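Enquirer: Contents of input18.csv (CSV, C-alpha atoms) are below:
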chain,number,residue,atom,x,y,z
A,24,SER,CA,-8.1,26.6,-11.5
A,25,ASP,CA,-4.9,24.8,-12.2
A,26,VAL,CA,-5.4,21.3,-10.9
A,27,SER,CA,-1.7,20.6,-10.4
A,28,VAL,CA,-1.3,23.7,-8.3
A,29,ASP,CA,-4.2,22.8,-6.1
A,30,ALA,CA,-3.0,19.2,-5.7
A,31,SER,CA,0.6,20.3,-4.8
A,32,GLN,CA,-0.8,22.8,-2.2
A,33,LEU,CA,-2.8,20.0,-0.6
A,34,LEU,CA,0.2,17.8,-0.7
A,35,GLU,CA,2.3,20.4,1.0
A,36,GLN,CA,-0.4,21.1,3.6
A,37,GLY,CA,-0.5,17.4,4.4
A,38,ASN,CA,3.3,17.3,4.8
A,39,GLN,CA,3.1,20.2,7.2
A,40,GLN,CA,0.3,18.6,9.2
A,41,TYR,CA,2.3,15.4,9.3
A,42,ASP,CA,5.4,17.2,10.6
A,43,ARG,CA,3.3,18.7,13.4
A,44,GLY,CA,2.0,15.2,14.4
A,45,ASN,CA,-1.5,15.9,13.0
A,46,PHE,CA,-1.7,12.6,11.2
A,47,GLN,CA,-5.4,12.5,10.6
A,48,ALA,CA,-5.4,16.0,9.1
A,49,ALA,CA,-2.5,15.0,6.9
A,50,ILE,CA,-4.3,11.9,5.7
A,51,THR,CA,-7.3,14.1,4.8
A,52,ASN,CA,-5.3,16.6,2.9
A,53,TRP,CA,-3.4,13.9,1.0
A,54,GLU,CA,-6.7,12.2,0.2
A,55,GLN,CA,-7.9,15.3,-1.6
A,56,ALA,CA,-4.5,15.6,-3.4
A,57,ILE,CA,-4.9,11.9,-4.5
A,58,ALA,CA,-8.3,12.6,-5.9
A,59,TYR,CA,-6.8,15.4,-8.2
A,60,TYR,CA,-4.0,13.2,-9.3
A,61,ARG,CA,-6.2,10.2,-10.1
A,62,ARG,CA,-8.4,12.5,-12.3
A,63,THR,CA,-5.4,13.6,-14.2
A,64,ASN,CA,-3.7,10.2,-14.4
A,65,HIS,CA,-0.7,11.2,-12.4
A,66,TRP,CA,-0.3,7.7,-10.9
A,67,LEU,CA,3.3,8.1,-9.6
A,68,ASN,CA,2.1,11.0,-7.5
A,69,VAL,CA,-0.8,8.9,-6.2
A,70,GLY,CA,1.7,6.1,-5.3
A,71,GLN,CA,4.0,8.5,-3.5
A,72,ILE,CA,1.1,10.0,-1.5
A,73,LEU,CA,-0.2,6.5,-0.6
A,74,ILE,CA,3.1,5.7,1.0
A,75,LYS,CA,2.9,8.9,3.0
A,76,GLN,CA,-0.6,8.0,4.1
A,77,ALA,CA,0.7,4.5,5.1
A,78,GLN,CA,3.3,6.1,7.3
A,79,ALA,CA,0.7,8.4,8.9
A,80,TYR,CA,-1.6,5.4,9.6
A,81,ASN,CA,1.3,3.6,11.2
A,82,SER,CA,1.9,6.6,13.4
A,83,LEU,CA,-1.8,6.5,14.4
A,84,GLY,CA,-1.4,2.8,15.4
A,85,LYS,CA,-3.4,1.5,12.4
A,86,PRO,CA,-1.0,-0.8,10.7
A,87,GLU,CA,-3.7,-2.7,8.8
A,88,LYS,CA,-4.7,0.4,6.9
A,89,ALA,CA,-1.0,1.2,6.3
A,90,ILE,CA,-0.5,-2.3,4.7
A,91,ILE,CA,-3.5,-1.8,2.4
A,92,LEU,CA,-2.2,1.5,1.2
A,93,SER,CA,1.4,0.2,0.8
A,94,GLU,CA,0.1,-2.6,-1.4
A,95,SER,CA,-1.9,-0.2,-3.5
A,96,ALA,CA,1.3,1.9,-4.0
A,97,LEU,CA,3.2,-1.2,-4.9
A,98,GLN,CA,0.6,-2.1,-7.6
A,99,ILE,CA,0.9,1.4,-9.1
A,100,ALA,CA,4.7,1.1,-9.0
A,101,ARG,CA,4.6,-2.1,-11.0
A,102,VAL,CA,2.1,-0.8,-13.5
A,103,CYS,CA,4.2,2.4,-14.0
A,104,ASN,CA,7.5,0.4,-14.0
A,105,ASP,CA,8.9,2.7,-11.3
A,106,ASP,CA,11.6,1.0,-9.3
A,107,SER,CA,12.2,3.8,-6.8
A,108,LEU,CA,8.5,3.8,-5.9
A,109,GLU,CA,8.5,0.0,-5.6
A,110,ALA,CA,11.4,0.1,-3.3
A,111,ALA,CA,9.7,2.7,-1.1
A,112,ALA,CA,6.6,0.6,-0.8
Spit out the file's structure as C-alpha cells when you get a sec.
Expert:
Amino acid sequence: SDVSVDASQLLEQGNQQYDRGNFQAAITNWEQAIAYYRRTNHWLNVGQILIKQAQAYNSLGKPEKAIILSESALQIARVCNDDSLEAAA
C-alpha cells in the first residue's frame, strides 16, 4: 500500500475526530500517522502532527503532555530549518 496515502488518511481522520471533540481518538489516529511519517523520514509532517497532538492534550486538560510534544516539534523544526513550524511550536 502507498504509505503516504495511509498516513494522510489517518491524519484526516484525526482532524475529523478533533473537530468533533473526540480528542483521544484524534491523538490515536495522529500517532499512527506519525509512525508512517517517521519511517519515511517526513519530519516536517511529524512536527506538524505533534503540534496538533499538543493542542488535543491541552483540550483534554493535560498541559504537561502538550509541552513535551511542543518541545519535540520545536526540535524537529530547528533540525529541518523550518521557520513556520518553529513559530507554530
Enquirer: Between CA of Asn104 (chain A) and CA of Gly70 (chain A), measure the distance and give it in Å to one decimal.
Expert: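 Rounded to one decimal, the two atoms are 11.9 Å apart.
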Enquirer: What is the CA of Asp42 (chain A)-CA of Ala79 (chain A) distance in Å, reported with one decimal?
Expert: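 That distance, rounded to one decimal, is 10.1 Å.
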Enquirer: Calculated over all atoms listed in the file, which of the candidates A:Gln78, A:Leu83, A:Val69, A:Glu54 has the smallest distance to Leu97 (chain A)?
Expert: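 Of A:Gln78, A:Leu83, A:Val69, A:Glu54, the one nearest Leu97 (chain A), counting all atoms listed in the file, is A:Val69.
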Enquirer: Determine the nearest neighbour of Tyr60 (chain A) from the options A:Ser31, A:Ala100, A:Arg43, A:Ala112, counting only C-alpha atoms.
Expert: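 The answer is A:Ser31, which sits nearest to Tyr60 (chain A).
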Enquirer: Considering all atoms listed in the file, can you say which of A:Asn81, A:Asn64, A:Ser93, A:Gln76 comes closest to Ser27 (chain A)?
Expert: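 The answer is A:Asn64, which sits nearest to Ser27 (chain A).
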Enquirer: Calculated over all atoms listed in the file, which of the candidates A:Leu108, A:Leu34, A:Gln39, A:Tyr80 has the smallest distance to Ala58 (chain A)?
Expert: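 Going through A:Leu108, A:Leu34, A:Gln39, A:Tyr80 one by one, the smallest distance to Ala58 (chain A) is for A:Leu34.
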Enquirer: To one decimal place in Å, what is the distance between CA of Ile72 (chain A) and CA of Glu94 (chain A)?
Expert: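 Computing the Euclidean distance for CA of Ile72 (chain A) and CA of Glu94 (chain A) yields 12.6 Å.
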Enquirer: For Gln47 (chain A), which residue among A:Lys85, A:Asn68, A:Ala110, A:Cys103 is the nearest when counting only C-alpha atoms?
Expert: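 Among the listed residues, A:Lys85 lies closest to Gln47 (chain A).
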Enquirer: Find the spatial neighbours of Gly37 (chain A), counting all atoms listed in the file, within a cut-off of 9 Å - ignore same-chain residues fewer than 4 positions away - and output them as a list in words.
Expert: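 Listed by chain and then number, they are Gln32, Leu33, Tyr41, Asp42, Asn45, Phe46, Ala48, Ala49, Ile50, Thr51, Asn52, Trp53 and Ala56 of chain A.
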